[in-house]
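Trainee: Next comes run04.cif, mmCIF, C-alpha atoms:
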data_structure
loop_
_atom_site.group_PDB
_atom_site.id
_atom_site.type_symbol
_atom_site.label_atom_id
_atom_site.label_comp_id
_atom_site.auth_asym_id
_atom_site.auth_seq_id
_atom_site.Cartn_x
_atom_site.Cartn_y
_atom_site.Cartn_z
ATOM 1 C CA MET A 298 0.777 15.773 -33.531
ATOM 2 C CA THR A 299 0.102 19.319 -32.445
ATOM 3 C CA ARG A 300 0.308 20.583 -28.906
ATOM 4 C CA ARG A 301 -3.479 20.922 -28.812
ATOM 5 C CA GLN A 302 -3.950 17.262 -29.829
ATOM 6 C CA ALA A 303 -1.431 16.118 -27.212
ATOM 7 C CA VAL A 304 -3.204 18.086 -24.471
ATOM 8 C CA LEU A 305 -6.569 16.672 -25.607
ATOM 9 C CA ARG A 306 -5.271 13.083 -25.501
ATOM 10 C CA ILE A 307 -3.719 13.569 -22.066
ATOM 11 C CA ALA A 308 -6.987 15.067 -20.826
ATOM 12 C CA LEU A 309 -8.878 12.028 -22.161
ATOM 13 C CA LEU A 310 -6.422 9.656 -20.468
ATOM 14 C CA MET A 311 -6.625 11.499 -17.161
ATOM 15 C CA GLY A 312 -10.407 11.710 -17.391
ATOM 16 C CA GLY A 313 -10.580 7.962 -17.992
ATOM 17 C CA ALA A 314 -8.385 7.346 -14.962
ATOM 18 C CA LEU A 315 -10.581 9.621 -12.869
ATOM 19 C CA VAL A 316 -13.812 7.966 -14.033
ATOM 20 C CA GLY A 317 -12.339 4.509 -13.359
ATOM 21 C CA SER A 318 -11.245 5.467 -9.855
ATOM 22 C CA GLN A 319 -14.665 6.964 -9.092
ATOM 23 C CA ALA A 320 -16.311 3.683 -10.077
ATOM 24 C CA LEU A 321 -13.956 1.811 -7.765
ATOM 25 C CA LEU A 322 -14.499 4.193 -4.848
ATOM 26 C CA SER A 323 -18.273 4.180 -5.270
ATOM 27 C CA GLY A 324 -18.373 0.393 -4.862
ATOM 28 C CA GLN A 325 -19.354 -0.520 -8.411
ATOM 29 C CA THR A 326 -18.242 -3.954 -9.507
ATOM 30 C CA VAL A 327 -15.725 -4.783 -12.192
ATOM 31 C CA ALA A 328 -17.294 -5.515 -15.584
ATOM 32 C CA GLY A 329 -17.955 -9.202 -16.157
ATOM 33 C CA LYS A 330 -18.210 -10.035 -12.467
ATOM 34 C CA THR A 331 -21.365 -10.422 -10.476
ATOM 35 C CA SER A 332 -21.623 -8.781 -7.087
ATOM 36 C CA PRO A 333 -22.012 -11.191 -4.194
ATOM 37 C CA GLY A 334 -24.400 -8.642 -2.677
ATOM 38 C CA PHE A 335 -23.053 -8.125 0.824
ATOM 39 C CA THR A 336 -25.711 -6.907 3.217
ATOM 40 C CA ASP A 337 -25.228 -4.832 6.355
ATOM 41 C CA MET A 338 -25.606 -8.069 8.345
ATOM 42 C CA ASP A 339 -22.830 -9.678 6.279
ATOM 43 C CA ARG A 340 -20.534 -6.718 6.926
ATOM 44 C CA ALA A 341 -21.374 -6.870 10.647
ATOM 45 C CA LEU A 342 -20.538 -10.595 10.642
ATOM 46 C CA LEU A 343 -17.244 -9.852 8.854
ATOM 47 C CA ASP A 344 -16.504 -7.149 11.457
ATOM 48 C CA GLU A 345 -16.948 -9.700 14.256
ATOM 49 C CA ILE A 346 -14.890 -12.343 12.432
ATOM 50 C CA GLY A 347 -12.138 -9.776 11.841
ATOM 51 C CA ASP A 348 -12.247 -8.623 15.450
ATOM 52 C CA THR A 349 -11.867 -12.239 16.574
ATOM 53 C CA ILE A 350 -8.870 -12.714 14.257
ATOM 54 C CA LEU A 351 -7.271 -9.398 15.340
ATOM 55 C CA PRO A 352 -8.870 -8.508 18.690
ATOM 56 C CA PRO A 353 -8.374 -5.184 20.429
ATOM 57 C CA THR A 354 -5.501 -5.030 22.909
ATOM 58 C CA ASP A 355 -3.686 -1.821 23.754
ATOM 59 C CA ILE A 356 -4.527 -0.861 20.150
ATOM 60 C CA PRO A 357 -7.957 -1.129 18.512
ATOM 61 C CA GLY A 358 -8.899 -4.366 16.786
ATOM 62 C CA ALA A 359 -9.951 -5.052 13.215
ATOM 63 C CA LYS A 360 -13.535 -3.967 13.844
ATOM 64 C CA ALA A 361 -12.335 -0.435 14.643
ATOM 65 C CA VAL A 362 -10.979 -0.012 11.113
ATOM 66 C CA GLY A 363 -14.232 -1.150 9.487
ATOM 67 C CA ILE A 364 -12.800 -4.440 8.326
ATOM 68 C CA GLY A 365 -16.203 -5.798 7.275
ATOM 69 C CA ALA A 366 -16.694 -3.069 4.674
ATOM 70 C CA PHE A 367 -13.096 -3.483 3.481
ATOM 71 C CA ILE A 368 -13.437 -7.250 3.034
ATOM 72 C CA ALA A 369 -16.795 -6.877 1.264
ATOM 73 C CA MET A 370 -15.274 -4.336 -1.120
ATOM 74 C CA MET A 371 -12.229 -6.491 -1.834
ATOM 75 C CA VAL A 372 -14.272 -9.639 -2.478
ATOM 76 C CA THR A 373 -16.700 -7.728 -4.691
ATOM 77 C CA ASP A 374 -14.078 -5.853 -6.698
ATOM 78 C CA CYS A 375 -11.137 -8.240 -6.842
ATOM 79 C CA TYR A 376 -12.392 -11.824 -6.705
ATOM 80 C CA ASP A 377 -13.930 -13.834 -9.519
ATOM 81 C CA ASP A 378 -17.269 -15.631 -9.269
ATOM 82 C CA MET A 379 -15.706 -18.892 -8.056
ATOM 83 C CA HIS A 380 -14.022 -17.087 -5.143
ATOM 84 C CA HIS A 381 -17.223 -15.125 -4.455
ATOM 85 C CA ALA A 382 -19.159 -18.368 -4.114
ATOM 86 C CA ALA A 383 -16.557 -19.950 -1.822
ATOM 87 C CA PHE A 384 -16.449 -16.839 0.342
ATOM 88 C CA ARG A 385 -20.240 -16.592 0.619
ATOM 89 C CA GLU A 386 -20.480 -20.291 1.515
ATOM 90 C CA GLY A 387 -17.853 -19.644 4.181
ATOM 91 C CA LEU A 388 -19.927 -16.899 5.793
ATOM 92 C CA VAL A 389 -22.871 -19.285 5.986
ATOM 93 C CA ALA A 390 -20.606 -22.087 7.284
ATOM 94 C CA ILE A 391 -19.291 -19.908 10.133
ATOM 95 C CA ASP A 392 -22.801 -18.960 11.232
ATOM 96 C CA ASP A 393 -23.880 -22.614 10.920
ATOM 97 C CA ALA A 394 -20.904 -23.752 13.029
ATOM 98 C CA ALA A 395 -21.926 -21.276 15.738
ATOM 99 C CA GLY A 396 -25.501 -22.559 15.575
ATOM 100 C CA ARG A 397 -24.442 -26.206 15.854
ATOM 101 C CA ARG A 398 -21.980 -25.589 18.669
ATOM 102 C CA PHE A 399 -23.700 -22.920 20.755
ATOM 103 C CA SER A 400 -27.276 -22.708 19.372
ATOM 104 C CA LYS A 401 -26.889 -19.046 18.404
ATOM 105 C CA SER A 402 -25.475 -16.945 15.607
ATOM 106 C CA PHE A 403 -21.774 -16.092 15.457
ATOM 107 C CA VAL A 404 -22.506 -12.430 16.227
ATOM 108 C CA ALA A 405 -24.444 -13.443 19.381
ATOM 109 C CA CYS A 406 -21.580 -15.616 20.690
ATOM 110 C CA THR A 407 -19.179 -14.442 23.376
ATOM 111 C CA PRO A 408 -15.597 -13.593 22.363
ATOM 112 C CA ALA A 409 -14.383 -16.903 23.851
ATOM 113 C CA GLU A 410 -16.997 -18.856 21.883
ATOM 114 C CA ARG A 411 -16.088 -16.995 18.683
ATOM 115 C CA THR A 412 -12.428 -17.822 19.216
ATOM 116 C CA GLU A 413 -13.283 -21.485 19.766
ATOM 117 C CA ILE A 414 -15.311 -21.593 16.525
ATOM 118 C CA LEU A 415 -12.653 -19.862 14.440
ATOM 119 C CA ASN A 416 -9.857 -21.997 15.908
ATOM 120 C CA ALA A 417 -11.756 -25.126 14.819
ATOM 121 C CA ILE A 418 -12.301 -23.675 11.345
ATOM 122 C CA ASP A 419 -8.642 -22.649 11.161
ATOM 123 C CA ALA A 420 -7.591 -26.204 11.989
ATOM 124 C CA GLU A 421 -9.917 -27.436 9.234
ATOM 125 C CA GLN A 422 -8.377 -24.886 6.856
ATOM 126 C CA ARG A 423 -4.873 -26.139 7.630
ATOM 127 C CA VAL A 424 -5.908 -29.712 6.847
ATOM 128 C CA HIS A 425 -7.517 -28.483 3.626
ATOM 129 C CA GLY A 426 -4.047 -27.435 2.460
ATOM 130 C CA GLU A 427 -3.230 -25.733 -0.812
ATOM 131 C CA PRO A 428 -6.041 -25.836 -3.373
ATOM 132 C CA ALA A 429 -5.732 -27.147 -6.896
ATOM 133 C CA ALA A 430 -4.823 -24.579 -9.539
ATOM 134 C CA ASP A 431 -8.437 -24.178 -10.646
ATOM 135 C CA ALA A 432 -9.995 -24.143 -7.160
ATOM 136 C CA PRO A 433 -10.284 -21.247 -4.711
ATOM 137 C CA PRO A 434 -8.470 -21.430 -1.376
ATOM 138 C CA HIS A 435 -10.367 -22.301 1.787
ATOM 139 C CA TYR A 436 -12.759 -19.482 2.697
ATOM 140 C CA PHE A 437 -11.184 -18.925 6.113
ATOM 141 C CA ARG A 438 -7.750 -18.438 4.580
ATOM 142 C CA MET A 439 -9.221 -15.689 2.395
ATOM 143 C CA MET A 440 -10.879 -14.105 5.446
ATOM 144 C CA LYS A 441 -7.665 -14.142 7.482
ATOM 145 C CA GLN A 442 -5.586 -12.731 4.636
ATOM 146 C CA LEU A 443 -8.068 -9.946 3.917
ATOM 147 C CA THR A 444 -8.340 -9.112 7.618
ATOM 148 C CA VAL A 445 -4.576 -8.756 7.984
ATOM 149 C CA LEU A 446 -4.294 -6.768 4.739
ATOM 150 C CA GLY A 447 -7.144 -4.444 5.662
ATOM 151 C CA PHE A 448 -5.955 -3.861 9.208
ATOM 152 C CA PHE A 449 -2.301 -3.213 8.438
ATOM 153 C CA SER A 450 -3.105 -0.958 5.486
ATOM 154 C CA SER A 451 -5.481 1.157 7.596
ATOM 155 C CA GLU A 452 -4.454 4.296 9.455
ATOM 156 C CA ILE A 453 -4.701 2.536 12.827
ATOM 157 C CA GLY A 454 -2.651 -0.425 11.608
ATOM 158 C CA CYS A 455 0.007 1.767 10.031
ATOM 159 C CA THR A 456 0.340 4.261 12.862
ATOM 160 C CA ARG A 457 -0.494 2.404 16.063
ATOM 161 C CA ALA A 458 0.267 -1.273 15.433
ATOM 162 C CA ILE A 459 3.695 -0.873 13.857
ATOM 163 C CA ARG A 460 6.500 1.618 14.205
ATOM 164 C CA PHE A 461 7.344 3.567 11.090
ATOM 165 C CA ILE A 462 10.441 5.539 10.195
ATOM 166 C CA GLU A 463 9.909 7.565 7.037
ATOM 167 C CA VAL A 464 13.616 7.991 6.380
ATOM 168 C CA PRO A 465 15.540 5.137 7.964
ATOM 169 C CA GLY A 466 18.974 5.688 9.417
ATOM 170 C CA SER A 467 21.900 3.350 9.177
ATOM 171 C CA TYR A 468 21.477 -0.396 9.498
ATOM 172 C CA ASN A 469 21.894 -1.726 13.031
ATOM 173 C CA GLY A 470 21.749 -5.525 12.991
ATOM 174 C CA SER A 471 21.952 -5.850 16.763
ATOM 175 C CA TYR A 472 19.280 -3.344 17.757
ATOM 176 C CA PRO A 473 17.996 -4.266 21.226
ATOM 177 C CA TYR A 474 14.598 -5.947 21.269
ATOM 178 C CA LYS A 475 12.313 -5.999 24.280
ATOM 179 C CA LYS A 476 9.471 -8.469 24.460
ATOM 180 C CA GLY A 477 6.296 -6.713 23.305
ATOM 181 C CA ASP A 478 8.048 -4.176 21.044
ATOM 182 C CA LYS A 479 6.185 -3.319 17.847
ATOM 183 C CA VAL A 480 7.629 -4.392 14.514
ATOM 184 C CA TRP A 481 9.561 -1.804 12.484
ATOM 185 C CA TYR A 482 8.454 -0.734 9.030
ATOM 186 C CA SER A 483 10.260 1.578 6.675
#
Do you think you could lay out the structure here as structure tokens?
Mentor:
Amino acid sequence: MTRRQAVLRIALLMGGALVGSQALLSGQTVAGKTSPGFTDMDRALLDEIGDTILPPTDIPGAKAVGIGAFIAMMVTDCYDDMHHAAFREGLVAIDDAAGRRFSKSFVACTPAERTEILNAIDAEQRVHGEPAADAPPHYFRMMKQLTVLGFFSSEIGCTRAIRFIEVPGSYNGSYPYKKGDKVWYS
């Protein structure tokens, strides 16, 4: 192999990596998977669900990091059709639960009503338990996991919700802890 051929092959590999990453960043779906077609209303609903799971306190909540768009992207790009279907049914189920309980959509509910709805669904999810090997997990478990992942991998989650030391010092197993201290990450 000549130097010219090696450079050409590396350029092709790097170009392929660049094209693949552009497809991912532009929101295109993975080949062989159908897009669940999240609408702006779905992303707004996911923002409100995420903000109920991780509400704002002295730091912004999940809605501030755009959790709805993150969850929609993750479900579209990373989940198979069976998980897509379970997730979509879950979005409908949450809105239906709000309608049955409070005669309005989940987005129109007060924060206390949203918490009440999601606590009931969380209790249902705990009873549901671990799914069979060929079945997707409960939709609310997926929503909670994606909310936590999206929040704590965002800039706000990484810089304001946890403390970070880029180069940790020596280990101190008896470091004083005060109630309300943020968790350490290194």
Trainee: Skip Ala341 in chain A itself and residues of its chain fewer than 3 positions away, then list as an MDAnalysis selection string all residues within 9 Å of it, counting all atoms listed in the file.
Mentor: chainID A and resid 336:338 344:346 360 365:366 404
Trainee: Name the residues that the PyMOL selection byres ((chain A and resi 405) around 12) pulls out of this structure, and write them as a count of residues only.
Mentor: 19
Trainee: Using the chain letters and numbering of this document, enumerate as a list in words the residues selected by the PyMOL selection byres ((chain A and resi 414-430) around 9).
Mentor: Ile346, Thr349, Ile350, Ile391, Ala394, Ala395, Arg398, Phe403, Ala409, Glu410, Arg411, Thr412, Glu413, Asp431, Ala432, Pro433, Pro434, His435, Tyr436, Phe437 and Arg438 of chain A
Trainee: Next, write the just-selected residues to a file, as a short mmCIF file (atom, residue, chain, number, x, y, z; two decimals), in the frame of the given file, keeping C-alpha atoms as the atom set.
Mentor:
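Wrote it out as again.cif, contents follow:
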data_model
loop_
_atom_site.label_atom_id
_atom_site.label_comp_id
_atom_site.auth_asym_id
_atom_site.auth_seq_id
_atom_site.Cartn_x
_atom_site.Cartn_y
_atom_site.Cartn_z
CA ILE A 346 -14.89 -12.34 12.43
CA THR A 349 -11.87 -12.24 16.57
CA ILE A 350 -8.87 -12.71 14.26
CA ILE A 391 -19.29 -19.91 10.13
CA ALA A 394 -20.90 -23.75 13.03
CA ALA A 395 -21.93 -21.28 15.74
CA ARG A 398 -21.98 -25.59 18.67
CA PHE A 403 -21.77 -16.09 15.46
CA ALA A 409 -14.38 -16.90 23.85
CA GLU A 410 -17.00 -18.86 21.88
CA ARG A 411 -16.09 -17.00 18.68
CA THR A 412 -12.43 -17.82 19.22
CA GLU A 413 -13.28 -21.48 19.77
CA ASP A 431 -8.44 -24.18 -10.65
CA ALA A 432 -9.99 -24.14 -7.16
CA PRO A 433 -10.28 -21.25 -4.71
CA PRO A 434 -8.47 -21.43 -1.38
CA HIS A 435 -10.37 -22.30 1.79
CA TYR A 436 -12.76 -19.48 2.70
CA PHE A 437 -11.18 -18.92 6.11
CA ARG A 438 -7.75 -18.44 4.58
#
Trainee: Between CA of Asp393 in chain A and CA of Gly447 in chain A, measure the distance and give it in Å to one decimal.
Mentor: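 Interatomic distance, CA of Asp393 in chain A to CA of Gly447 in chain A: 25.3 Å.
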Trainee: On this file, the PyMOL selection byres ((chain A and resi 355) around 12) gives some set of residues; write that set as a PyMOL selection string.
Mentor: chain A and resi 351-354+356-358+453+457-458+477+479
Trainee: Report, in Å to a single decimal, how far apart CA of Met440 in chain A and CA of Gly347 in chain A are.
Mentor: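 The value is 7.8 Å.
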Trainee: Around (-23.4, -10.9, -2.5) in the file's own coordinates, what residues are found within 12 Å if you use only C-alpha atoms, given back as a list in words?
Mentor: Thr326, Lys330, Thr331, Ser332, Pro333, Gly334, Phe335, Thr336, Asp337, Met338, Asp339, Arg340, Ile368, Ala369, Met370, Val372, Thr373, Asp374, Tyr376, Asp378, His380, His381, Ala382, Ala383, Phe384, Arg385, Glu386, Leu388 and Val389 of chain A
Trainee: So how many Å separate CA of Arg306 in chain A and CA of Cys375 in chain A, to one decimal?
Mentor: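 Rounded to one decimal, the two atoms are 28.9 Å apart.
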Trainee: What would range 336-411 of chain A look like if you wrote it out as an mmCIF file, in the first residue's frame, with C-alpha atoms included, from the block I just posted?
Mentor:
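Once written, out_26.cif looks like this:
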data_model
loop_
_atom_site.group_PDB
_atom_site.id
_atom_site.type_symbol
_atom_site.label_atom_id
_atom_site.label_comp_id
_atom_site.auth_asym_id
_atom_site.auth_seq_id
_atom_site.Cartn_x
_atom_site.Cartn_y
_atom_site.Cartn_z
ATOM 1 C CA THR A 336 -44.862 16.114 17.149
ATOM 2 C CA ASP A 337 -44.245 19.431 18.880
ATOM 3 C CA MET A 338 -47.160 18.571 21.191
ATOM 4 C CA ASP A 339 -45.500 15.249 22.068
ATOM 5 C CA ARG A 340 -42.234 17.014 22.882
ATOM 6 C CA ALA A 341 -44.130 19.566 24.995
ATOM 7 C CA LEU A 342 -45.834 16.700 26.854
ATOM 8 C CA LEU A 343 -42.437 15.038 27.400
ATOM 9 C CA ASP A 344 -41.075 18.369 28.694
ATOM 10 C CA GLU A 345 -43.874 18.529 31.278
ATOM 11 C CA ILE A 346 -43.446 14.865 32.249
ATOM 12 C CA GLY A 347 -39.696 15.416 32.629
ATOM 13 C CA ASP A 348 -40.225 18.579 34.650
ATOM 14 C CA THR A 349 -42.553 16.659 36.969
ATOM 15 C CA ILE A 350 -39.952 13.898 37.401
ATOM 16 C CA LEU A 351 -37.104 16.410 37.956
ATOM 17 C CA PRO A 352 -38.780 19.689 38.962
ATOM 18 C CA PRO A 353 -36.930 22.974 39.281
ATOM 19 C CA THR A 354 -35.576 23.780 42.737
ATOM 20 C CA ASP A 355 -32.564 25.996 43.299
ATOM 21 C CA ILE A 356 -31.410 24.609 39.928
ATOM 22 C CA PRO A 357 -33.504 24.440 36.749
ATOM 23 C CA GLY A 358 -35.625 21.364 36.131
ATOM 24 C CA ALA A 359 -35.651 18.914 33.244
ATOM 25 C CA LYS A 360 -37.750 21.198 31.055
ATOM 26 C CA ALA A 361 -34.963 23.804 31.085
ATOM 27 C CA VAL A 362 -32.591 21.402 29.329
ATOM 28 C CA GLY A 363 -35.101 20.578 26.583
ATOM 29 C CA ILE A 364 -35.735 17.086 27.856
ATOM 30 C CA GLY A 365 -38.674 16.525 25.494
ATOM 31 C CA ALA A 366 -36.499 16.910 22.400
ATOM 32 C CA PHE A 367 -33.792 14.727 23.964
ATOM 33 C CA ILE A 368 -36.223 11.915 24.800
ATOM 34 C CA ALA A 369 -37.826 12.087 21.343
ATOM 35 C CA MET A 370 -34.395 11.850 19.722
ATOM 36 C CA MET A 371 -33.316 8.933 21.902
ATOM 37 C CA VAL A 372 -36.520 6.960 21.315
ATOM 38 C CA THR A 373 -36.363 7.629 17.577
ATOM 39 C CA ASP A 374 -32.677 6.825 17.145
ATOM 40 C CA CYS A 375 -32.000 4.146 19.738
ATOM 41 C CA TYR A 376 -35.161 2.124 20.342
ATOM 42 C CA ASP A 377 -36.599 -0.610 18.155
ATOM 43 C CA ASP A 378 -40.182 -0.659 16.894
ATOM 44 C CA MET A 379 -41.471 -2.644 19.885
ATOM 45 C CA HIS A 380 -40.088 -0.035 22.306
ATOM 46 C CA HIS A 381 -41.389 2.780 20.080
ATOM 47 C CA ALA A 382 -44.893 1.341 20.278
ATOM 48 C CA ALA A 383 -44.747 0.898 24.061
ATOM 49 C CA PHE A 384 -43.443 4.429 24.508
ATOM 50 C CA ARG A 385 -46.096 5.967 22.247
ATOM 51 C CA GLU A 386 -48.845 4.036 24.052
ATOM 52 C CA GLY A 387 -47.423 5.382 27.307
ATOM 53 C CA LEU A 388 -47.731 8.986 26.143
ATOM 54 C CA VAL A 389 -51.378 8.365 25.300
ATOM 55 C CA ALA A 390 -51.908 6.536 28.623
ATOM 56 C CA ILE A 391 -50.537 9.480 30.635
ATOM 57 C CA ASP A 392 -52.820 11.948 28.866
ATOM 58 C CA ASP A 393 -55.753 9.533 29.294
ATOM 59 C CA ALA A 394 -55.005 9.166 33.023
ATOM 60 C CA ALA A 395 -55.079 12.958 33.372
ATOM 61 C CA GLY A 396 -58.382 13.077 31.493
ATOM 62 C CA ARG A 397 -59.969 10.378 33.661
ATOM 63 C CA ARG A 398 -58.732 11.851 36.927
ATOM 64 C CA PHE A 399 -58.986 15.596 36.339
ATOM 65 C CA SER A 400 -60.971 15.973 33.074
ATOM 66 C CA LYS A 401 -58.116 17.784 31.324
ATOM 67 C CA SER A 402 -54.901 17.008 29.508
ATOM 68 C CA PHE A 403 -51.673 16.349 31.405
ATOM 69 C CA VAL A 404 -50.181 19.631 30.163
ATOM 70 C CA ALA A 405 -53.214 21.561 31.508
ATOM 71 C CA CYS A 406 -52.928 19.990 34.985
ATOM 72 C CA THR A 407 -51.348 21.788 37.922
ATOM 73 C CA PRO A 408 -47.930 20.608 39.148
ATOM 74 C CA ALA A 409 -49.588 18.875 42.130
ATOM 75 C CA GLU A 410 -52.034 17.062 39.838
ATOM 76 C CA ARG A 411 -49.199 16.017 37.514
#
